[in-house]
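Text of input_39.cif, listed as mmCIF, C-alpha atoms:
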```cif
data_target
loop_
_atom_site.label_atom_id
_atom_site.label_comp_id
_atom_site.auth_asym_id
_atom_site.auth_seq_id
_atom_site.Cartn_x
_atom_site.Cartn_y
_atom_site.Cartn_z
CA MET A 25 0.00 0.00 0.00
CA ALA A 26 1.33 3.41 -1.00
CA GLN A 27 -1.76 5.51 -0.18
CA ILE A 28 -3.94 6.17 2.84
CA THR A 29 -6.86 8.53 3.39
CA LEU A 30 -7.10 10.86 6.38
CA GLY A 31 -10.45 12.61 6.52
CA ASP A 32 -10.88 14.31 3.16
CA VAL A 33 -7.16 14.16 2.30
CA SER A 34 -5.35 11.38 0.48
CA VAL A 35 -1.69 10.81 1.31
CA THR A 36 0.53 8.94 -1.16
CA ARG A 37 4.15 7.95 -0.62
CA ILE A 38 6.42 8.65 -3.59
CA TRP A 39 9.76 6.80 -3.57
CA GLU A 40 13.07 8.33 -4.63
CA TYR A 41 15.72 6.39 -2.68
CA PHE A 42 16.03 3.87 0.11
CA GLY A 43 19.27 2.54 1.55
CA SER A 44 22.53 3.48 3.18
CA VAL A 45 23.40 7.04 4.15
CA ASP A 46 27.02 6.01 4.87
CA MET A 47 26.81 6.92 8.55
CA THR A 48 26.87 4.81 11.69
CA PRO A 49 24.28 5.48 14.40
CA GLY A 50 26.96 7.13 16.52
CA THR A 51 27.88 9.52 13.73
CA PHE A 52 24.35 10.31 12.59
CA PHE A 53 22.89 10.55 16.11
CA PRO A 54 25.77 11.42 18.45
CA ASP A 55 23.38 12.05 21.35
CA SER A 56 21.74 8.61 21.13
CA SER A 57 22.71 5.78 23.45
CA LYS A 58 24.40 2.66 22.12
CA ASP A 59 21.94 0.57 24.16
CA VAL A 60 18.86 1.78 22.29
CA TRP A 61 20.33 0.64 18.97
CA GLU A 62 21.50 -2.70 20.32
CA GLU A 63 18.25 -3.46 22.12
CA GLY A 64 16.19 -2.42 19.09
CA GLU A 65 18.28 -4.19 16.45
CA ALA A 66 15.63 -6.85 15.80
CA TRP A 67 13.03 -4.29 14.67
CA LEU A 68 15.36 -1.53 13.41
CA ASP A 69 16.95 -3.88 10.85
CA PRO A 70 16.53 -3.53 7.86
CA HIS A 71 14.18 -0.57 7.65
CA PHE A 72 16.25 1.82 9.75
CA LEU A 73 19.59 0.07 10.22
CA ASP A 74 21.78 -2.43 8.41
CA SER A 75 23.00 -4.39 11.42
CA GLY A 76 25.61 -6.22 9.35
CA THR A 77 27.46 -3.02 8.51
CA ASN A 78 26.17 -0.89 11.42
CA ILE A 79 25.11 1.77 8.90
CA VAL A 80 21.86 3.72 9.11
CA ASN A 81 19.30 3.14 6.36
CA SER A 82 17.07 6.01 5.31
CA ALA A 83 14.37 6.84 2.80
CA ILE A 84 14.19 9.82 0.49
CA GLN A 85 10.54 10.30 -0.39
CA THR A 86 7.92 12.88 -1.19
CA TRP A 87 4.47 12.93 0.36
CA LEU A 88 1.78 13.58 -2.25
CA LEU A 89 -1.39 15.10 -0.82
CA ARG A 90 -4.69 15.74 -2.53
CA SER A 91 -6.77 18.24 -0.58
CA GLU A 92 -9.67 20.44 -1.62
CA GLY A 93 -9.04 19.70 -5.29
CA ARG A 94 -5.35 20.62 -5.20
CA THR A 95 -2.27 18.48 -5.68
CA ILE A 96 0.41 19.14 -3.06
CA LEU A 97 3.94 17.79 -2.68
CA VAL A 98 5.65 17.79 0.73
CA ASP A 99 9.43 17.97 0.19
CA THR A 100 11.06 17.12 -3.11
CA GLY A 101 14.02 14.94 -2.23
CA VAL A 102 17.47 15.05 -3.79
CA GLY A 103 16.83 15.40 -7.51
CA ASN A 104 18.78 14.13 -10.48
CA HIS A 105 22.14 15.26 -11.86
CA LYS A 106 22.92 17.61 -8.96
CA GLU A 107 26.54 18.42 -8.18
CA ARG A 108 27.03 17.75 -4.47
CA PRO A 109 30.78 17.71 -3.77
CA TYR A 110 30.37 17.60 0.01
CA ALA A 111 27.38 15.24 0.07
CA PRO A 112 28.57 12.41 -2.20
CA VAL A 113 25.67 10.08 -1.36
CA TRP A 114 23.38 12.57 -3.12
CA SER A 115 25.66 13.59 -5.97
CA HIS A 116 24.58 12.94 -9.58
CA LEU A 117 21.63 10.68 -8.80
CA ASP A 118 19.58 9.35 -11.70
CA THR A 119 16.36 8.01 -10.20
CA ASP A 120 12.86 7.30 -11.50
CA PHE A 121 11.22 9.84 -9.21
CA LEU A 122 9.15 11.57 -11.91
CA ALA A 123 8.05 8.19 -13.28
CA ASN A 124 7.02 7.18 -9.75
CA LEU A 125 5.04 10.40 -9.48
CA ALA A 126 3.42 9.66 -12.85
CA ARG A 127 2.44 6.20 -11.61
CA ALA A 128 0.54 8.01 -8.86
CA GLY A 129 -1.33 9.91 -11.58
CA VAL A 130 0.55 13.21 -11.34
CA ARG A 131 2.43 15.04 -14.09
CA PRO A 132 4.74 17.92 -13.14
CA GLU A 133 2.31 20.46 -14.57
CA ASP A 134 -0.48 19.06 -12.37
CA VAL A 135 1.17 20.10 -9.10
CA ASP A 136 -0.44 23.12 -7.45
CA ILE A 137 1.70 23.51 -4.32
CA VAL A 138 5.20 22.41 -3.35
CA ILE A 139 6.05 22.54 0.36
CA ASN A 140 9.70 22.59 1.36
CA THR A 141 9.68 21.92 5.10
CA HIS A 142 13.23 23.31 5.13
CA LEU A 143 15.94 23.91 2.56
CA HIS A 144 18.43 21.09 3.08
CA VAL A 145 19.92 19.21 0.15
CA ASP A 146 17.51 16.26 0.45
CA HIS A 147 14.31 18.30 0.63
CA VAL A 148 14.49 20.65 -2.37
CA GLY A 149 16.22 18.69 -5.14
CA TRP A 150 13.27 18.08 -7.42
CA ASN A 151 12.25 21.72 -7.16
CA THR A 152 14.20 22.00 -10.40
CA ARG A 153 15.31 19.81 -13.28
CA LEU A 154 18.12 20.18 -15.78
CA ASP A 155 17.05 21.52 -19.18
CA GLY A 156 20.16 21.57 -21.35
CA ARG A 157 22.57 23.51 -19.12
CA GLU A 158 19.91 25.39 -17.16
CA TRP A 159 18.04 24.51 -13.98
CA ILE A 160 14.34 25.21 -14.47
CA PRO A 161 11.31 24.65 -12.18
CA THR A 162 10.14 21.04 -12.35
CA PHE A 163 6.59 22.04 -11.39
CA PRO A 164 5.90 25.11 -13.55
CA ASN A 165 2.34 25.76 -12.32
CA ALA A 166 3.05 25.33 -8.61
CA THR A 167 3.47 27.79 -5.79
CA TYR A 168 6.58 26.79 -3.84
CA LEU A 169 6.06 27.44 -0.13
CA MET A 170 9.40 28.04 1.61
CA PRO A 171 10.08 29.22 5.17
CA LYS A 172 11.49 32.73 4.96
CA ASP A 173 13.93 32.11 7.81
CA ASP A 174 15.47 29.20 5.92
CA PHE A 175 15.51 31.11 2.63
CA ASP A 176 17.46 33.90 4.30
CA PHE A 177 19.76 31.52 6.20
CA TRP A 178 20.78 29.43 3.19
CA ASN A 179 21.08 32.34 0.77
CA PRO A 180 24.87 32.50 0.26
CA ASP A 181 24.67 36.27 -0.17
CA ASN A 182 23.93 36.51 3.57
CA GLY A 183 27.18 34.86 4.64
CA HIS A 184 25.88 32.48 7.33
CA ARG A 185 28.16 29.68 8.54
CA PRO A 186 25.94 26.61 8.97
CA ARG A 187 26.67 23.63 11.19
CA LEU A 188 26.25 21.55 8.04
CA GLY A 189 29.39 23.23 6.69
CA ARG A 190 29.62 22.79 2.94
CA GLY A 191 27.11 19.94 2.88
CA ASN A 192 24.49 22.22 1.32
CA GLN A 193 26.86 23.67 -1.28
CA ASN A 194 25.17 24.47 -4.64
CA VAL A 195 21.72 23.69 -3.24
CA PHE A 196 20.44 27.26 -3.05
CA GLU A 197 21.86 28.08 -6.47
CA ASP A 198 20.44 25.07 -8.37
CA SER A 199 17.27 24.16 -6.42
CA VAL A 200 15.99 27.33 -4.73
CA ALA A 201 17.08 30.42 -6.64
CA PRO A 202 15.73 29.25 -10.04
CA VAL A 203 12.15 28.92 -8.75
CA HIS A 204 12.46 32.22 -6.90
CA ARG A 205 13.64 33.97 -10.08
CA ALA A 206 10.69 32.42 -11.91
CA GLY A 207 8.33 34.12 -9.44
CA LEU A 208 6.97 30.83 -8.10
CA THR A 209 7.98 31.08 -4.42
CA ARG A 210 5.95 32.26 -1.50
CA LEU A 211 8.11 32.95 1.53
CA TRP A 212 6.13 32.60 4.74
CA ALA A 213 6.88 33.15 8.43
CA ASP A 214 5.42 31.85 11.70
CA SER A 215 2.30 30.16 10.28
CA HIS A 216 0.58 29.70 6.94
CA ARG A 217 -2.90 28.27 6.35
CA ILE A 218 -3.05 26.30 3.07
CA ASP A 219 -6.69 25.24 3.25
CA ALA A 220 -9.24 24.02 5.78
CA ASN A 221 -7.30 20.76 6.22
CA LEU A 222 -3.67 21.88 6.18
CA ARG A 223 -1.56 24.40 8.12
CA LEU A 224 2.17 25.11 8.18
CA ASP A 225 3.93 26.22 11.37
CA THR A 226 7.56 26.96 12.08
CA ALA A 227 9.34 24.36 14.21
CA PRO A 228 12.91 25.67 14.43
CA GLY A 229 16.04 23.95 15.65
CA HIS A 230 17.03 21.55 12.91
CA THR A 231 17.32 24.65 10.76
CA PRO A 232 16.20 28.21 11.59
CA GLY A 233 13.09 27.87 9.44
CA SER A 234 12.25 24.20 9.83
CA SER A 235 8.51 23.69 9.70
CA VAL A 236 5.81 21.10 10.28
CA LEU A 237 2.61 20.57 8.31
CA THR A 238 -0.46 19.72 10.37
CA LEU A 239 -3.35 17.83 8.79
CA ALA A 240 -6.70 18.00 10.56
CA SER A 241 -9.66 16.64 8.61
CA GLY A 242 -12.75 15.16 10.21
CA THR A 243 -11.54 13.14 13.18
CA ASP A 244 -8.17 12.34 11.62
CA ARG A 245 -4.92 14.08 12.56
CA ALA A 246 -1.38 13.88 11.17
CA VAL A 247 1.76 15.95 11.36
CA PHE A 248 4.46 15.94 8.70
CA VAL A 249 7.56 16.68 10.74
CA GLY A 250 10.30 16.92 8.12
CA ASP A 251 13.65 16.29 9.82
CA LEU A 252 12.54 16.62 13.44
CA LEU A 253 12.89 12.84 13.24
CA HIS A 254 15.28 10.90 11.03
CA SER A 255 14.86 7.64 12.95
CA PRO A 256 12.29 6.10 15.30
CA VAL A 257 15.09 6.00 17.87
CA GLN A 258 14.43 9.73 18.33
CA ILE A 259 10.92 8.88 19.55
CA LEU A 260 12.38 6.68 22.26
CA GLU A 261 15.15 9.22 22.97
CA PRO A 262 13.68 12.62 22.01
CA ASP A 263 16.80 14.49 23.15
CA ALA A 264 18.90 12.66 20.56
CA ASN A 265 19.54 15.11 17.73
CA SER A 266 20.93 14.28 14.35
CA CYS A 267 24.39 15.65 13.60
CA PHE A 268 22.78 18.17 11.23
CA CYS A 269 20.75 20.22 13.73
CA GLU A 270 21.77 23.88 13.59
CA ASN A 271 20.54 24.72 17.09
CA PRO A 272 20.72 21.54 19.20
CA ALA A 273 18.91 22.86 22.29
CA GLU A 274 16.10 24.33 20.20
CA ALA A 275 15.82 21.12 18.15
CA ARG A 276 15.36 19.04 21.32
CA ALA A 277 12.71 21.37 22.69
CA THR A 278 10.83 21.47 19.39
CA ARG A 279 10.93 17.69 19.00
CA ARG A 280 9.49 17.17 22.48
CA LYS A 281 6.79 19.77 21.85
CA VAL A 282 5.69 18.27 18.52
CA LEU A 283 5.78 14.67 19.77
CA GLY A 284 3.83 15.65 22.88
CA ARG A 285 1.13 17.29 20.82
CA ALA A 286 0.99 14.29 18.46
CA ALA A 287 0.60 11.92 21.41
CA ASP A 288 -2.15 14.03 22.96
CA ASP A 289 -4.01 14.43 19.64
CA ASN A 290 -3.50 10.83 18.49
CA ALA A 291 -1.90 12.26 15.35
CA LEU A 292 0.03 10.16 12.86
CA VAL A 293 3.67 11.33 12.84
CA ILE A 294 5.02 11.41 9.29
CA PRO A 295 8.75 12.20 9.04
CA ALA A 296 10.57 12.85 5.79
CA HIS A 297 12.98 9.91 5.90
CA LEU A 298 11.52 6.92 7.70
CA GLY A 299 11.79 3.64 5.87
CA GLY A 300 9.61 0.74 6.93
CA HIS A 301 5.97 1.73 7.23
CA GLY A 302 6.92 5.40 6.91
CA ALA A 303 4.85 6.86 9.74
CA THR A 304 3.80 6.06 13.28
CA GLU A 305 1.51 6.93 16.16
CA VAL A 306 3.20 7.76 19.45
CA VAL A 307 2.25 7.75 23.12
CA ARG A 308 3.81 9.35 26.15
CA ASN A 309 6.10 7.08 28.15
CA GLY A 310 7.10 8.90 31.30
CA SER A 311 9.47 11.67 30.24
CA THR A 312 9.90 10.20 26.74
CA PHE A 313 7.68 8.59 24.11
CA ALA A 314 6.92 5.16 22.71
CA ILE A 315 5.70 3.80 19.40
CA LYS A 316 2.01 2.94 19.52
CA GLY A 317 1.66 1.54 16.01
CA TRP A 318 2.80 1.91 12.43
CA ALA A 319 1.01 3.30 9.39
CA PRO A 320 -0.12 0.78 6.76
CA PHE A 321 2.33 1.89 4.04
CA SER A 322 4.24 -1.03 2.53
CA PRO A 323 7.96 -1.07 3.39
CA TYR A 324 10.28 -0.42 0.46
CA THR A 325 12.15 -3.62 1.27
CA ASP A 326 8.94 -5.52 0.45
CA GLN A 327 8.60 -3.79 -2.92
CA ARG A 328 12.13 -3.62 -4.34
#
```
Take the structure in the file and write it out as structure tokens.
Amino acid sequence: MAQITLGDVSVTRIWEYFGSVDMTPGTFFPDSSKDVWEEGEAWLDPHFLDSGTNIVNSAIQTWLLRSEGRTILVDTGVGNHKERPYAPVWSHLDTDFLANLARAGVRPEDVDIVINTHLHVDHVGWNTRLDGREWIPTFPNATYLMPKDDFDFWNPDNGHRPRLGRGNQNVFEDSVAPVHRAGLTRLWADSHRIDANLRLDTAPGHTPGSSVLTLASGTDRAVFVGDLLHSPVQILEPDANSCFCENPAEARATRRKVLGRAADDNALVIPAHLGGHGATEVVRNGSTFAIKGWAPFSPYTDQR
């Protein structure tokens, strides 16, 4: 299963990549305990960890939403043919992402809204595609919703020195600036209501403008949390940041806040990069959280 329905909104999982990110748990999540990985090995492998190599597995995927007659993409992955000298895992990919989108019944020109939860390399790549020697918007009829704080932070003209170092090199120039020059971006701050079912809110810490998308339709609730979570281990240990969080203290506080609200609202938590069943419900477990159950999406390891 690649699609579920929440209230009046359909949610479809669009595959770009699943596999190694060339990092051990200790490198990717330096705040996490060794015990949580060892004790969870039986269920973490293979969807979230390759226990044979001790390398984290991750998914690059886009969430396709259909709400109030509009076609909406949440994050656009890595993209093809991108030069990523300091992120070699994502350099010069050549995936079937657009064909996978077409199999879900969507052509690039059909997309009405693109949401970039933040502007890291693996969330904006398919914003553009290569046309000859020029990067042009992949979704020419879409409004690209980008957090203003992230747009300003990653704009190289502003001279910020990110924790990510050069890992985001070329990303603004080839995946953000072209759609901005084309007049397709809408830069938003604090909160942005998309329709009666969907609302964007800032959730800073991972990056200055990181955001979450809340879905509330009928009795169903979900929250698309971007990179607040890269692994379900961060549900069990919510203070465990990834190595890419710009403001570690703020990221921890935001993660706890969003997970707490999801637990209280019985909302499906939908991160950007979870393999396996892709999304989960959580419950409070003392001062941390626990996994209540998984979404019914089919794991990529069952499909490929």
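Near stretch 42-50 of chain A, within 6 Å and counting only C-alpha atoms, sit Phe52, Phe53, Pro54, Asn78, Ile79, Val80, Asn81, Ser82 and Ala83 of chain A; same-chain residues fewer than 2 positions away were not included.
Of the residues listed (A:Ala286, A:Val130, A:Leu208, A:Leu143), A:Leu208 shows the shortest atom-to-atom separation from A:Pro164; distances use all atoms listed in the file.
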Closest pair table for stretch 105-146 of chain A residues within 12 Å of stretch 211-234 of chain A, only C-alpha atoms, as JSON lines:
```
{"residue": "A:Asp136", "atom": "CA", "partner": "A:Ile218", "partner_atom": "CA", "distance": 11.3}
{"residue": "A:Ile137", "atom": "CA", "partner": "A:Ile218", "partner_atom": "CA", "distance": 9.2}
{"residue": "A:Val138", "atom": "CA", "partner": "A:Ile218", "partner_atom": "CA", "distance": 11.2}
{"residue": "A:Ile139", "atom": "CA", "partner": "A:Leu224", "partner_atom": "CA", "distance": 9.1}
{"residue": "A:Asn140", "atom": "CA", "partner": "A:Ser234", "partner_atom": "CA", "distance": 9.0}
{"residue": "A:Thr141", "atom": "CA", "partner": "A:Ser234", "partner_atom": "CA", "distance": 5.8}
{"residue": "A:His142", "atom": "CA", "partner": "A:Ser234", "partner_atom": "CA", "distance": 4.9}
{"residue": "A:Leu143", "atom": "CA", "partner": "A:Ser234", "partner_atom": "CA", "distance": 8.2}
{"residue": "A:His144", "atom": "CA", "partner": "A:Thr231", "partner_atom": "CA", "distance": 8.5}
```
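Applied to the file shown here, the PyMOL selection byres ((chain A and resi 256-262) around 6) selects A:Ser255, A:Asp263, A:Ala264, A:Phe313, A:Ala314.
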If we count only C-alpha atoms and set the cut-off at 7 Å, which residues sit around A:Ala291, ignoring sequence neighbours fewer than 5 positions away in its own chain? Please answer as a PDB file with C-alpha atoms, keeping the file's coordinate frame.
```pdb
ATOM      1  CA  ARG A 245      -4.920  14.080  12.560  1.00  0.00           C
ATOM      2  CA  ALA A 246      -1.380  13.880  11.170  1.00  0.00           C
ATOM      3  CA  VAL A 247       1.760  15.950  11.360  1.00  0.00           C
ATOM      4  CA  ALA A 286       0.990  14.290  18.460  1.00  0.00           C
ATOM      5  CA  GLU A 305       1.510   6.930  16.160  1.00  0.00           C
TER       6      GLU A 305
END
```
Can I get all heavy atoms for stretch 115-126 of chain A, as a PDB file, in the first residue's frame?
```pdb
ATOM      1  N   SER A 115      25.100  12.956  -4.790  1.00  0.00           N
ATOM      2  CA  SER A 115      25.658  13.591  -5.974  1.00  0.00           C
ATOM      3  C   SER A 115      25.329  12.802  -7.241  1.00  0.00           C
ATOM      4  O   SER A 115      25.496  11.579  -7.297  1.00  0.00           O
ATOM      5  CB  SER A 115      27.176  13.710  -5.826  1.00  0.00           C
ATOM      6  OG  SER A 115      27.712  14.578  -6.792  1.00  0.00           O
ATOM      7  N   HIS A 116      24.819  13.501  -8.249  1.00  0.00           N
ATOM      8  CA  HIS A 116      24.581  12.939  -9.584  1.00  0.00           C
ATOM      9  C   HIS A 116      23.684  11.701  -9.551  1.00  0.00           C
ATOM     10  O   HIS A 116      23.945  10.705 -10.228  1.00  0.00           O
ATOM     11  CB  HIS A 116      25.902  12.626 -10.285  1.00  0.00           C
ATOM     12  CG  HIS A 116      26.718  13.841 -10.569  1.00  0.00           C
ATOM     13  ND1 HIS A 116      26.425  14.722 -11.583  1.00  0.00           N
ATOM     14  CD2 HIS A 116      27.812  14.344  -9.935  1.00  0.00           C
ATOM     15  CE1 HIS A 116      27.306  15.709 -11.588  1.00  0.00           C
ATOM     16  NE2 HIS A 116      28.153  15.517 -10.586  1.00  0.00           N
ATOM     17  N   LEU A 117      22.608  11.767  -8.772  1.00  0.00           N
ATOM     18  CA  LEU A 117      21.634  10.679  -8.805  1.00  0.00           C
ATOM     19  C   LEU A 117      20.918  10.663 -10.157  1.00  0.00           C
ATOM     20  O   LEU A 117      20.848  11.663 -10.871  1.00  0.00           O
ATOM     21  CB  LEU A 117      20.598  10.850  -7.690  1.00  0.00           C
ATOM     22  CG  LEU A 117      21.056  10.685  -6.242  1.00  0.00           C
ATOM     23  CD1 LEU A 117      19.847  10.668  -5.318  1.00  0.00           C
ATOM     24  CD2 LEU A 117      21.901   9.447  -6.038  1.00  0.00           C
ATOM     25  N   ASP A 118      20.375   9.497 -10.481  1.00  0.00           N
ATOM     26  CA  ASP A 118      19.578   9.352 -11.695  1.00  0.00           C
ATOM     27  C   ASP A 118      18.460   8.367 -11.369  1.00  0.00           C
ATOM     28  O   ASP A 118      18.527   7.192 -11.704  1.00  0.00           O
ATOM     29  CB  ASP A 118      20.450   8.852 -12.846  1.00  0.00           C
ATOM     30  CG  ASP A 118      19.704   8.840 -14.173  1.00  0.00           C
ATOM     31  OD1 ASP A 118      18.598   9.419 -14.236  1.00  0.00           O
ATOM     32  OD2 ASP A 118      20.216   8.254 -15.144  1.00  0.00           O
ATOM     33  N   THR A 119      17.434   8.871 -10.686  1.00  0.00           N
ATOM     34  CA  THR A 119      16.358   8.014 -10.197  1.00  0.00           C
ATOM     35  C   THR A 119      15.103   8.161 -11.058  1.00  0.00           C
ATOM     36  O   THR A 119      15.014   9.030 -11.932  1.00  0.00           O
ATOM     37  CB  THR A 119      15.994   8.367  -8.743  1.00  0.00           C
ATOM     38  OG1 THR A 119      15.301   9.629  -8.724  1.00  0.00           O
ATOM     39  CG2 THR A 119      17.237   8.458  -7.868  1.00  0.00           C
ATOM     40  N   ASP A 120      14.130   7.300 -10.775  1.00  0.00           N
ATOM     41  CA  ASP A 120      12.861   7.296 -11.504  1.00  0.00           C
ATOM     42  C   ASP A 120      11.786   8.105 -10.784  1.00  0.00           C
ATOM     43  O   ASP A 120      10.595   7.807 -10.916  1.00  0.00           O
ATOM     44  CB  ASP A 120      12.365   5.860 -11.683  1.00  0.00           C
ATOM     45  CG  ASP A 120      13.235   5.048 -12.621  1.00  0.00           C
ATOM     46  OD1 ASP A 120      13.853   5.648 -13.523  1.00  0.00           O
ATOM     47  OD2 ASP A 120      13.314   3.817 -12.443  1.00  0.00           O
ATOM     48  N   PHE A 121      12.188   9.123 -10.040  1.00  0.00           N
ATOM     49  CA  PHE A 121      11.224   9.840  -9.213  1.00  0.00           C
ATOM     50  C   PHE A 121      10.031  10.354 -10.023  1.00  0.00           C
ATOM     51  O   PHE A 121       8.876  10.171  -9.619  1.00  0.00           O
ATOM     52  CB  PHE A 121      11.904  11.007  -8.499  1.00  0.00           C
ATOM     53  CG  PHE A 121      10.954  11.871  -7.713  1.00  0.00           C
ATOM     54  CD1 PHE A 121      10.502  11.475  -6.471  1.00  0.00           C
ATOM     55  CD2 PHE A 121      10.484  13.078  -8.229  1.00  0.00           C
ATOM     56  CE1 PHE A 121       9.605  12.254  -5.745  1.00  0.00           C
ATOM     57  CE2 PHE A 121       9.597  13.863  -7.517  1.00  0.00           C
ATOM     58  CZ  PHE A 121       9.155  13.449  -6.275  1.00  0.00           C
ATOM     59  N   LEU A 122      10.268  11.019 -11.139  1.00  0.00           N
ATOM     60  CA  LEU A 122       9.147  11.574 -11.911  1.00  0.00           C
ATOM     61  C   LEU A 122       8.262  10.466 -12.472  1.00  0.00           C
ATOM     62  O   LEU A 122       7.039  10.641 -12.566  1.00  0.00           O
ATOM     63  CB  LEU A 122       9.661  12.479 -13.024  1.00  0.00           C
ATOM     64  CG  LEU A 122      10.283  13.802 -12.579  1.00  0.00           C
ATOM     65  CD1 LEU A 122      10.726  14.628 -13.783  1.00  0.00           C
ATOM     66  CD2 LEU A 122       9.321  14.614 -11.709  1.00  0.00           C
ATOM     67  N   ALA A 123       8.857   9.329 -12.828  1.00  0.00           N
ATOM     68  CA  ALA A 123       8.045   8.193 -13.276  1.00  0.00           C
ATOM     69  C   ALA A 123       7.209   7.644 -12.118  1.00  0.00           C
ATOM     70  O   ALA A 123       6.050   7.254 -12.314  1.00  0.00           O
ATOM     71  CB  ALA A 123       8.941   7.103 -13.856  1.00  0.00           C
ATOM     72  N   ASN A 124       7.789   7.620 -10.919  1.00  0.00           N
ATOM     73  CA  ASN A 124       7.020   7.177  -9.748  1.00  0.00           C
ATOM     74  C   ASN A 124       5.866   8.129  -9.469  1.00  0.00           C
ATOM     75  O   ASN A 124       4.769   7.707  -9.087  1.00  0.00           O
ATOM     76  CB  ASN A 124       7.936   7.091  -8.527  1.00  0.00           C
ATOM     77  CG  ASN A 124       8.963   5.985  -8.654  1.00  0.00           C
ATOM     78  OD1 ASN A 124       8.766   5.022  -9.391  1.00  0.00           O
ATOM     79  ND2 ASN A 124      10.078   6.116  -7.950  1.00  0.00           N
ATOM     80  N   LEU A 125       6.112   9.422  -9.645  1.00  0.00           N
ATOM     81  CA  LEU A 125       5.038  10.401  -9.483  1.00  0.00           C
ATOM     82  C   LEU A 125       3.964  10.187 -10.546  1.00  0.00           C
ATOM     83  O   LEU A 125       2.757  10.252 -10.249  1.00  0.00           O
ATOM     84  CB  LEU A 125       5.633  11.814  -9.578  1.00  0.00           C
ATOM     85  CG  LEU A 125       4.749  12.985  -9.154  1.00  0.00           C
ATOM     86  CD1 LEU A 125       4.351  12.879  -7.686  1.00  0.00           C
ATOM     87  CD2 LEU A 125       5.477  14.312  -9.406  1.00  0.00           C
ATOM     88  N   ALA A 126       4.382   9.907 -11.764  1.00  0.00           N
ATOM     89  CA  ALA A 126       3.423   9.658 -12.847  1.00  0.00           C
ATOM     90  C   ALA A 126       2.579   8.422 -12.552  1.00  0.00           C
ATOM     91  O   ALA A 126       1.384   8.385 -12.865  1.00  0.00           O
ATOM     92  CB  ALA A 126       4.159   9.501 -14.171  1.00  0.00           C
TER      93      ALA A 126
END
```
